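Participant: Dumping the structure here so I can ask a few things about it.
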Number of protein chains: 4
Amino acid sequence: MKKPLSGIIPPMVTPLRDNDTLDVTGLEKLIERILAGGVHGLFILGTTGEGPSLSYRLRGELIERVCRQVNHRVPVLVGITDTAFVESVNVARAAANSGADALVLAPPYYMPEGQPELQEYLGHLVPQLPLPLYIYNMPALTKVSFELDTVRRAMDNPRIIGLKDSSGSMTFFHQALGLLKHRPDWPVFMGPEEMLIDAVLAGGHGGVSGGANLFPKLYVKLVEAAQAGDLARARELHAHIMQVSGALYRIGRHSSSIIKGIKCALNCLGVCEDFMAEPFHRFRSGERQLVETRLAELKVAYDKLNL
Amino acid sequence: MKKPLSGIIPPMVTPLRDNDTLDVTGLEKLIERILAGGVHGLFILGTTGEGPSLSYRLRGELIERVCRQVNHRVPVLVGITDTAFVESVNVARAAANSGADALVLAPPYYMPEGQPELQEYLGHLVPQLPLPLYIYNMPALTKVSFELDTVRRAMDNPRIIGLKDSSGSMTFFHQALGLLKHRPDWPVFMGPEEMLIDAVLAGGHGGVSGGANLFPKLYVKLVEAAQAGDLARARELHAHIMQVSGALYRIGRHSSSIIKGIKCALNCLGVCEDFMAEPFHRFRSGERQLVETRLAELKVAYDKLNL
Amino acid sequence: MKKPLSGIIPPMVTPLRDNDTLDVTGLEKLIERILAGGVHGLFILGTTGEGPSLSYRLRGELIERVCRQVNHRVPVLVGITDTAFVESVNVARAAANSGADALVLAPPYYMPEGQPELQEYLGHLVPQLPLPLYIYNMPALTKVSFELDTVRRAMDNPRIIGLKDSSGSMTFFHQALGLLKHRPDWPVFMGPEEMLIDAVLAGGHGGVSGGANLFPKLYVKLVEAAQAGDLARARELHAHIMQVSGALYRIGRHSSSIIKGIKCALNCLGVCEDFMAEPFHRFRSGERQLVETRLAELKVAYDKLNL
Amino acid sequence: MKKPLSGIIPPMVTPLRDNDTLDVTGLEKLIERILAGGVHGLFILGTTGEGPSLSYRLRGELIERVCRQVNHRVPVLVGITDTAFVESVNVARAAANSGADALVLAPPYYMPEGQPELQEYLGHLVPQLPLPLYIYNMPALTKVSFELDTVRRAMDNPRIIGLKDSSGSMTFFHQALGLLKHRPDWPVFMGPEEMLIDAVLAGGHGGVSGGANLFPKLYVKLVEAAQAGDLARARELHAHIMQVSGALYRIGRHSSSIIKGIKCALNCLGVCEDFMAEPFHRFRSGERQLVETRLAELKVAYDKLNL
């Protein structure tokens, strides 16, 4: 990766036939659909990709298939977050062997560690990784964050090349941007798409937006409008993103609802299977009907955007 | 396992030389030390055993070595808690192949699931397991618990044979005991050793006490005293357990302090290495010195107990 | 108060006609019913008493009426927990003027303070209080606890005369009991009645049990049995307390359900009004019917206890 | 209040001599300093104003003095958040009698209530209030929020005239803005000043920025730049706000550090006393020296902004 990433790097969902079988056809269609939207990278095996729920065998197969299909049209980033250090390294090697471009790591997430421990852990792990690394904040699921001081120290390591922030705290995002004077080439990406507009207007480098599995161009165009300072257009596209979020991500009661909503919608659109790895399950008929209705409403609004 | 377990089933720490190498000699000494205390089972790959931090290869090796060394003198229980369904099944098969007696499962711990999802997950997982299963509540680390209604439903599955409760809530423990009218053969074990006395006096079946790595007889004798209704002796032994807890488990600031304290003390006693798997590290000199001093104080008090 | 309290000190609910009017008749009947059960004190204006929801005028009226009615048959303890220091002192003075015996204080509960601040706060407040003080842990509602070291320091103040622990942590309760070597005359009371048996068997001094508004003798007899080491009887009474808790305290979905359940049951029993101060409201017809049915079931079981 | 508020409404700190004595001279200087910055309103007795820590007598005195001093140059908003319904109404009446313009209410904050209860509570409270009301989200301190559906319903009440959001969630802020189609005259204000730029660029109406106690013009100018779509200037002013936040708000370890930092800085600037109401205390010499140094650094940067 010669120059810093920026733009939209969708956190790809993992099309599955069952707990341990990829939906290979769906995977290919999904990749092509996303790339056709003009995205700037592809992130697999993240939270949206149900990474922690998949067997290591399947993770290896997914990495290989995605890298082959993408074929360097955009960089492929691979999630290696794990509670076991050795397994993180194993996935990282599989990624390098398949030709992936970078790795993404959130803190180990079973027993919470202190920041000094997290700093030592990074110091031990990064030299064993064959690819450069993005660090990834997702405290709602990992309990622990890379806190500001830890991010600052990570910047001193040239093999750590950026931050994805899903902390949900815009204040933290601004604070992280404030550190860029120490490492101007470091991109900072926003996780939650509802704050993508804020992130880019504030000088952030783009987003890892789940909704870009469905409507990649929408997110790409928002980044472009915000980067160009076209506030009116940026707000218009943001309003549609809020509509997508309101329509599809809160149908279920549990925190897996976002992934379920995206997978269900992709299935309604004929892209791929919507099987969810255990312990989750796909939306059933009532919820699916709601998704269908709302997709139709979203389509009307989407068409008016002239993307 | 013909009849229900009861008594002390220590959650064994995993003696390590480095992230992916067992301390084989230490492991053998540790097992013999624990068994000599008269415990009623051995639980490996739990939280105290740093299960989630270990590679699957090492987990397999540990299971095999422990089962061989224990050689059916007591039942061996193997933790299979995982975020990936397939990997839980893989570890369960390794356990069965090595001759282990039962499995222990806490809820998948990355993205929190709802209780109905957890119930379906159990329904899908248990038929694929070659050994009977204890369910295990550890919400501080897994976010989600087997709530009361889910425990009640689990009792209807004959392959689920008991509960270990590390919720920290004595109220929940009492509520769980209240369900035993539906399944009188179901043991309920207490996690935190500070509440072992309460658990047994209330009719619980024993404890999965981390301190039994160090002083197995102390915990065994407490259970016996409490079961016999010898309140005075139970309180005396309980007071010593509180002393162990106060002396050794809160030296570090982070939540891994209990395991660090136990491993450091075992090392001071010449039993095994105190290496901690990433992202943690063993106590360093200042903390270690404190452990040594306190072990000496504990020894004086311990000897007066005439165990 | 000559000697340390022990036994059951019910946290009395506050019978109301509306947000700012006492149900005077109900209050008198309630007090007599509770005292007839042989309790060892009466605690008003606590969490169960909806203290923080009541106007200062009404708090003053309540203190006066309760003290007059009790007329020194048992000690009256008055809650002075407040976010405003000056108002705590004002309520304390009203309590002294009415002849109350002691005060009860949880940490100020709007903006969380550190333990050193809490220690200074106690140091400033206690000299201004005309009556001795119990400290009270209720972290679920106050965010902050009197942590162990703060409790230890509080023991050095002769005007602080005991602890009520509603932390829900039996481990903390044991740790607090462990401090009594520094102040043997200090009673430690258990809040949640589901853990009353554990508390007394462990050497605690009694309970501030909400259910003693309804069935005071049940709780008094449990304390007596546990103190006498009569495990079988203690467990039998404990089982009934668990039944009361399961039957009446979790009917509503919100955390006020315990108080609503107690007030509704008292109303069904003809004792007092069940009006709840804002922002809560009494159980409506469906929930009330459930309470009625369950009270009938409880009565059958209660009668078999031969209290 | 004829037309909707917008712009900067500083949450004024309360200058105190001791727990129950206003620093009257400091108060007057502070008000004049803030008004000279061109702010659009003044909010007293909020979180920053230590409202819940003050006696009702002092709250009344403060309301009266502030209203007299401001003398309708800008609207005065008065916090009435309380655990006791009757006391909220009492403070509201004092506000009306003194000539204040509006009230501000966060949810009652002792025992958490459900959203339906919160909705009923608003329905009962608002008719008793002599002035229009802003609702205020501050879940870190009140536990409970006005959730989206409750905000939507509040919009149907013409006496509820806007929202201040200190949830810290930019996603919630965007969702709240999305409701304005139902009530276009409803201003939505941002609490945390670190997100003021995001709020205004997204169409929000301004901020209740604690730092405007110190540098009111800085916040006013940011709102103007953002409203005018001058991104470059807005980012420049935002960068300085982040500098203020980094320099002054995280000196102490406890959550009261923001207020302590502002009060200490105001004292260093010769404006008013920095006494903190119990259970907090002002910064001591080490922390104060840090504030002085950082104020000097901030001044250099501030002067370059040409405000």
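Simple scheme: letters A, B, ... for chains in structure tokens order, numbers from 1 for residues in each chain, numbers from 1 for ligands in the order shown.
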Quick one: residues within 10 Å of Arg235 of chain C, only C-alpha atoms counted, chain neighbours fewer than 2 positions away excluded, as a list of chain:residue names?
Facilitator: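 The contact residues come out as B:Leu201, B:Ala202, B:Gly203, C:Ile197, C:Leu222, C:Ala225, C:Ala226, C:Asp230, C:Leu231, C:Ala232, C:Arg233, C:Leu237, C:His238, C:Ala239, C:His240, C:Ile241.
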Participant: Residues of chain A within 6 Å of chain D, counting only C-alpha atoms - could you list those as a PyMOL selection string?
Facilitator: chain A and resi 171+194+198
Participant: Since we have the selection now, will you write its residues out, keeping C-alpha atoms, as a compact mmCIF listing (two decimals), in the first residue's frame?
Facilitator:
```
# COMPACT_ATOMS: atom_id res chain seq x y z
CA THR A 171 -15.34 13.53 20.70
CA GLU A 194 -24.63 7.85 10.85
CA ASP A 198 -19.30 14.53 10.62
```
Participant: Quick one: contact table of segment 60-99 of chain B to segment 139-142 of chain B, 12 Å max, nearest atom pair and distance in Å to one decimal per residue, counting only C-alpha atoms, chain and number order, as a tab-separated table?
Facilitator:
```
residue	atom	partner	partner_atom	distance
B:Thr81	CA	B:Thr142	CA	9.6
B:Asp82	CA	B:Thr142	CA	10.0
B:Thr83	CA	B:Thr142	CA	9.9
```
Participant: I'd like the interatomic distance between atom CA of Pro216 of chain C and atom CA of Ser98 of chain C, to a tenth of an Å.
Facilitator: 24.7 Å
Participant: Find the residues around segment 263-280 of chain B up to 9 Å (only C-alpha atoms counted), leave out those fewer than 2 positions away in its own chain, and share them as a PyMOL selection string.
Facilitator: (chain A and resi 83-85+107-108+113-114+117-118+120-122+124) or (chain B and resi 13-20+23-30+33+50+53-54+213-214+248+256+258-261+282-283+288+291-292+295)
Participant: I'd like the interatomic distance between atom CA of Gln119 of chain B and atom CA of Met155 of chain B, to a tenth of an Å.
Facilitator: 11.6 Å
Participant: I'd like the neighbourhood of Ile31 of chain A as a list in words, where a residue qualifies if any of its atoms comes within 8 Å (using only C-alpha atoms), though same-chain residues fewer than 6 positions away should be ignored.
Facilitator: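 In the requested form, the answer reads Val66, Gln69 and Val70 of chain A.
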Participant: Run DSSP on the backbone and give me the residues of segment 174-239 of chain C it puts in strand (DSSP E or B), as a list in words.
Facilitator: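 Residues meeting the strand (DSSP E or B) criterion: Val188, Phe189, Met190, Gly206 and Gly207 of chain C.
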Participant: Can you measure atom CA of Leu290 of chain C to atom CA of Arg253 of chain C for me? One decimal in Å is fine.
Facilitator: 14.1 Å
Participant: Can you list, as a PDB file with N, CA, C and O atoms, in the first residue's frame, every protein, DNA or RNA residue that comes within 8 Å of Asn137 of chain A when you count only C-alpha atoms, leaving out same-chain residues fewer than 4 positions away?
Facilitator:
```pdb
ATOM      1  N   ALA A 106      -8.750  -5.201  16.479  1.00  0.00           N
ATOM      2  CA  ALA A 106      -9.322  -4.615  17.704  1.00  0.00           C
ATOM      3  C   ALA A 106      -8.681  -5.310  18.905  1.00  0.00           C
ATOM      4  O   ALA A 106      -8.069  -6.370  18.755  1.00  0.00           O
ATOM      5  N   PRO A 107      -8.774  -4.736  20.099  1.00  0.00           N
ATOM      6  CA  PRO A 107      -8.167  -5.366  21.278  1.00  0.00           C
ATOM      7  C   PRO A 107      -8.753  -6.757  21.550  1.00  0.00           C
ATOM      8  O   PRO A 107      -9.936  -6.989  21.288  1.00  0.00           O
ATOM      9  N   SER A 145     -10.721  -0.171  24.687  1.00  0.00           N
ATOM     10  CA  SER A 145     -10.401   0.640  23.507  1.00  0.00           C
ATOM     11  C   SER A 145      -8.906   0.868  23.420  1.00  0.00           C
ATOM     12  O   SER A 145      -8.213   0.805  24.426  1.00  0.00           O
ATOM     13  N   PHE A 146      -8.424   1.161  22.241  1.00  0.00           N
ATOM     14  CA  PHE A 146      -7.147   1.829  22.126  1.00  0.00           C
ATOM     15  C   PHE A 146      -7.393   3.277  22.545  1.00  0.00           C
ATOM     16  O   PHE A 146      -7.958   4.059  21.775  1.00  0.00           O
ATOM     17  N   LEU A 163      -6.295   4.105  11.755  1.00  0.00           N
ATOM     18  CA  LEU A 163      -7.263   3.813  12.818  1.00  0.00           C
ATOM     19  C   LEU A 163      -8.664   3.760  12.235  1.00  0.00           C
ATOM     20  O   LEU A 163      -9.053   4.636  11.466  1.00  0.00           O
ATOM     21  N   LYS A 164      -9.390   2.734  12.618  1.00  0.00           N
ATOM     22  CA  LYS A 164     -10.834   2.721  12.382  1.00  0.00           C
ATOM     23  C   LYS A 164     -11.495   2.912  13.729  1.00  0.00           C
ATOM     24  O   LYS A 164     -11.234   2.149  14.663  1.00  0.00           O
ATOM     25  N   ASP A 165     -12.354   3.899  13.839  1.00  0.00           N
ATOM     26  CA  ASP A 165     -12.973   4.197  15.125  1.00  0.00           C
ATOM     27  C   ASP A 165     -14.471   3.906  15.110  1.00  0.00           C
ATOM     28  O   ASP A 165     -15.239   4.624  14.473  1.00  0.00           O
ATOM     29  N   SER A 166     -14.858   2.876  15.809  1.00  0.00           N
ATOM     30  CA  SER A 166     -16.280   2.578  16.016  1.00  0.00           C
ATOM     31  C   SER A 166     -16.636   2.776  17.481  1.00  0.00           C
ATOM     32  O   SER A 166     -17.522   2.104  18.012  1.00  0.00           O
ATOM     33  N   SER A 167     -15.955   3.710  18.132  1.00  0.00           N
ATOM     34  CA  SER A 167     -16.263   3.971  19.544  1.00  0.00           C
ATOM     35  C   SER A 167     -17.638   4.588  19.705  1.00  0.00           C
ATOM     36  O   SER A 167     -18.232   4.524  20.770  1.00  0.00           O
TER      37      SER A 167
END
```
Participant: Could you write out, as a ChimeraX atom specification, all the residues of segment 90-235 of chain C that DSSP marks as alpha helix (DSSP H)?
Facilitator: /C:90-98,115-125,139-142,148-154,170-178,196-201,216-227,231-235
Participant: Find the spatial neighbours of Arg57 of chain C, counting only C-alpha atoms, within a cut-off of 10 Å - ignore same-chain residues fewer than 6 positions away - and output them as a list in words.
Facilitator: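 Contacts, in chain order: Asp20, Thr21 and Val91 of chain C; Val86 and Glu87 of chain D.
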Participant: May I have the selected residues written with all heavy atoms, as a CSV table (one decimal), in the first residue's frame?
Facilitator:
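And here is the file that came out, out.csv:
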```csv
chain,number,residue,atom,x,y,z
C,20,ASP,N,-48.0,14.8,47.1
C,20,ASP,CA,-47.6,15.6,48.2
C,20,ASP,C,-48.5,15.5,49.4
C,20,ASP,O,-48.5,16.4,50.3
C,20,ASP,CB,-47.4,17.1,47.8
C,20,ASP,CG,-46.4,17.8,48.6
C,20,ASP,OD1,-45.5,17.1,49.2
C,20,ASP,OD2,-46.4,19.0,48.7
C,21,THR,N,-49.2,14.3,49.5
C,21,THR,CA,-50.1,14.1,50.6
C,21,THR,C,-49.9,12.7,51.2
C,21,THR,O,-50.1,11.7,50.5
C,21,THR,CB,-51.6,14.3,50.2
C,21,THR,OG1,-51.7,15.5,49.4
C,21,THR,CG2,-52.5,14.3,51.4
C,91,VAL,N,-32.7,17.9,56.7
C,91,VAL,CA,-33.5,16.7,57.0
C,91,VAL,C,-33.0,16.1,58.3
C,91,VAL,O,-33.8,15.7,59.1
C,91,VAL,CB,-33.5,15.7,55.8
C,91,VAL,CG1,-34.3,14.4,56.2
C,91,VAL,CG2,-34.1,16.3,54.6
D,86,VAL,N,-42.5,17.8,43.2
D,86,VAL,CA,-43.0,19.0,43.8
D,86,VAL,C,-41.8,20.0,43.8
D,86,VAL,O,-42.1,21.2,43.6
D,86,VAL,CB,-43.5,18.7,45.2
D,86,VAL,CG1,-43.8,20.0,46.0
D,86,VAL,CG2,-44.7,17.8,45.2
D,87,GLU,N,-40.6,19.6,44.1
D,87,GLU,CA,-39.5,20.6,44.1
D,87,GLU,C,-39.2,21.1,42.7
D,87,GLU,O,-38.8,22.3,42.6
D,87,GLU,CB,-38.3,19.9,44.7
D,87,GLU,CG,-38.4,19.4,46.1
D,87,GLU,CD,-38.8,20.5,47.2
D,87,GLU,OE1,-38.8,21.7,46.9
D,87,GLU,OE2,-39.3,20.1,48.3
```
Participant: Can you pull out every residue within 12 Å of Pro187 of chain C, counting only C-alpha atoms, but drop anything in the same chain fewer than 5 positions away, and send it as a PyMOL selection string?
Facilitator: chain C and resi 3-9+133-136+155+160-165+173+176-181+199-200+203-208
Participant: With N, CA, C and O atoms retained, could you export that selection as a compact mmCIF listing (two decimals), in the first residue's frame?
Facilitator:
```
# COMPACT_ATOMS: atom_id res chain seq x y z
N LYS C 3 -26.89 0.49 72.52
CA LYS C 3 -26.11 -0.64 72.00
C LYS C 3 -26.39 -0.82 70.49
O LYS C 3 -27.41 -0.36 69.98
N PRO C 4 -25.48 -1.51 69.82
CA PRO C 4 -25.59 -1.64 68.37
C PRO C 4 -26.91 -2.30 67.98
O PRO C 4 -27.37 -3.24 68.63
N LEU C 5 -27.47 -1.81 66.92
CA LEU C 5 -28.67 -2.42 66.36
C LEU C 5 -28.34 -3.79 65.80
O LEU C 5 -27.22 -4.03 65.33
N SER C 6 -29.32 -4.67 65.82
CA SER C 6 -29.22 -5.87 65.01
C SER C 6 -30.64 -6.33 64.75
O SER C 6 -31.58 -5.86 65.39
N GLY C 7 -30.78 -7.24 63.77
CA GLY C 7 -32.11 -7.73 63.46
C GLY C 7 -32.68 -7.14 62.19
O GLY C 7 -31.94 -6.82 61.27
N ILE C 8 -33.99 -6.99 62.19
CA ILE C 8 -34.68 -6.51 60.99
C ILE C 8 -35.12 -5.06 61.18
O ILE C 8 -35.84 -4.74 62.14
N ILE C 9 -34.65 -4.22 60.28
CA ILE C 9 -35.06 -2.81 60.26
C ILE C 9 -35.74 -2.55 58.91
O ILE C 9 -35.08 -2.21 57.93
N LEU C 133 -24.82 8.26 62.48
CA LEU C 133 -25.07 7.98 61.07
C LEU C 133 -24.72 6.55 60.69
O LEU C 133 -23.65 6.04 61.02
N TYR C 134 -25.60 5.92 59.93
CA TYR C 134 -25.28 4.70 59.19
C TYR C 134 -24.93 5.08 57.75
O TYR C 134 -25.63 5.90 57.15
N ILE C 135 -23.89 4.48 57.20
CA ILE C 135 -23.64 4.68 55.78
C ILE C 135 -24.27 3.54 55.00
O ILE C 135 -24.49 2.45 55.54
N TYR C 136 -24.55 3.82 53.75
CA TYR C 136 -25.48 2.97 52.99
C TYR C 136 -24.96 2.86 51.56
O TYR C 136 -24.80 3.86 50.87
N MET C 155 -14.97 3.93 59.89
CA MET C 155 -15.00 3.28 61.21
C MET C 155 -14.25 4.06 62.28
O MET C 155 -14.49 3.88 63.48
N ILE C 160 -20.15 7.62 63.14
CA ILE C 160 -20.64 6.70 62.10
C ILE C 160 -20.73 5.33 62.74
O ILE C 160 -19.75 4.81 63.25
N ILE C 161 -21.95 4.76 62.74
CA ILE C 161 -22.18 3.63 63.63
C ILE C 161 -22.61 2.35 62.93
O ILE C 161 -23.07 1.41 63.58
N GLY C 162 -22.45 2.26 61.63
CA GLY C 162 -22.79 1.01 60.97
C GLY C 162 -22.93 1.20 59.47
O GLY C 162 -22.79 2.31 58.95
N LEU C 163 -23.18 0.08 58.81
CA LEU C 163 -23.25 0.05 57.35
C LEU C 163 -24.47 -0.75 56.92
O LEU C 163 -24.72 -1.84 57.43
N LYS C 164 -25.19 -0.20 55.97
CA LYS C 164 -26.20 -0.99 55.26
C LYS C 164 -25.67 -1.22 53.87
O LYS C 164 -25.33 -0.27 53.16
N ASP C 165 -25.60 -2.47 53.45
CA ASP C 165 -25.02 -2.77 52.15
C ASP C 165 -26.06 -3.31 51.18
O ASP C 165 -26.54 -4.44 51.33
N PHE C 173 -19.87 -7.76 51.01
CA PHE C 173 -20.42 -7.92 52.36
C PHE C 173 -19.44 -8.68 53.25
O PHE C 173 -19.16 -8.28 54.39
N ALA C 176 -16.58 -6.44 54.10
CA ALA C 176 -16.96 -5.47 55.12
C ALA C 176 -16.97 -6.12 56.50
O ALA C 176 -16.48 -5.54 57.49
N LEU C 177 -17.51 -7.33 56.58
CA LEU C 177 -17.47 -8.04 57.87
C LEU C 177 -16.04 -8.23 58.34
O LEU C 177 -15.75 -8.17 59.54
N GLY C 178 -15.15 -8.44 57.39
CA GLY C 178 -13.74 -8.64 57.72
C GLY C 178 -13.11 -7.42 58.38
O GLY C 178 -12.07 -7.51 59.03
N LEU C 179 -13.74 -6.26 58.22
CA LEU C 179 -13.21 -5.03 58.82
C LEU C 179 -13.63 -4.88 60.29
O LEU C 179 -13.13 -3.98 60.98
N LEU C 180 -14.54 -5.72 60.74
CA LEU C 180 -15.12 -5.48 62.07
C LEU C 180 -14.12 -5.67 63.19
O LEU C 180 -14.38 -5.25 64.32
N LYS C 181 -12.99 -6.28 62.90
CA LYS C 181 -11.96 -6.36 63.94
C LYS C 181 -11.53 -4.96 64.37
O LYS C 181 -11.10 -4.76 65.50
N ALA C 199 -26.17 -13.37 54.75
CA ALA C 199 -25.59 -12.31 55.56
C ALA C 199 -25.53 -12.71 57.03
O ALA C 199 -24.51 -12.52 57.70
N VAL C 200 -26.61 -13.26 57.54
CA VAL C 200 -26.64 -13.57 58.96
C VAL C 200 -25.80 -14.81 59.27
O VAL C 200 -25.07 -14.84 60.26
N GLY C 203 -22.31 -13.91 59.78
CA GLY C 203 -21.97 -13.06 60.91
C GLY C 203 -22.48 -11.63 60.79
O GLY C 203 -22.17 -10.80 61.66
N GLY C 204 -23.24 -11.35 59.75
CA GLY C 204 -23.85 -10.04 59.63
C GLY C 204 -24.94 -9.84 60.67
O GLY C 204 -25.38 -10.80 61.33
N HIS C 205 -25.40 -8.59 60.80
CA HIS C 205 -26.23 -8.24 61.95
C HIS C 205 -27.72 -8.18 61.67
O HIS C 205 -28.51 -7.91 62.59
N GLY C 206 -28.08 -8.37 60.41
CA GLY C 206 -29.50 -8.34 60.11
C GLY C 206 -29.76 -7.78 58.74
O GLY C 206 -28.85 -7.77 57.90
N GLY C 207 -30.99 -7.33 58.53
CA GLY C 207 -31.34 -6.90 57.20
C GLY C 207 -32.29 -5.72 57.18
O GLY C 207 -33.06 -5.51 58.13
N VAL C 208 -32.19 -4.98 56.11
CA VAL C 208 -33.13 -3.89 55.84
C VAL C 208 -33.97 -4.39 54.67
O VAL C 208 -33.74 -4.06 53.52
```
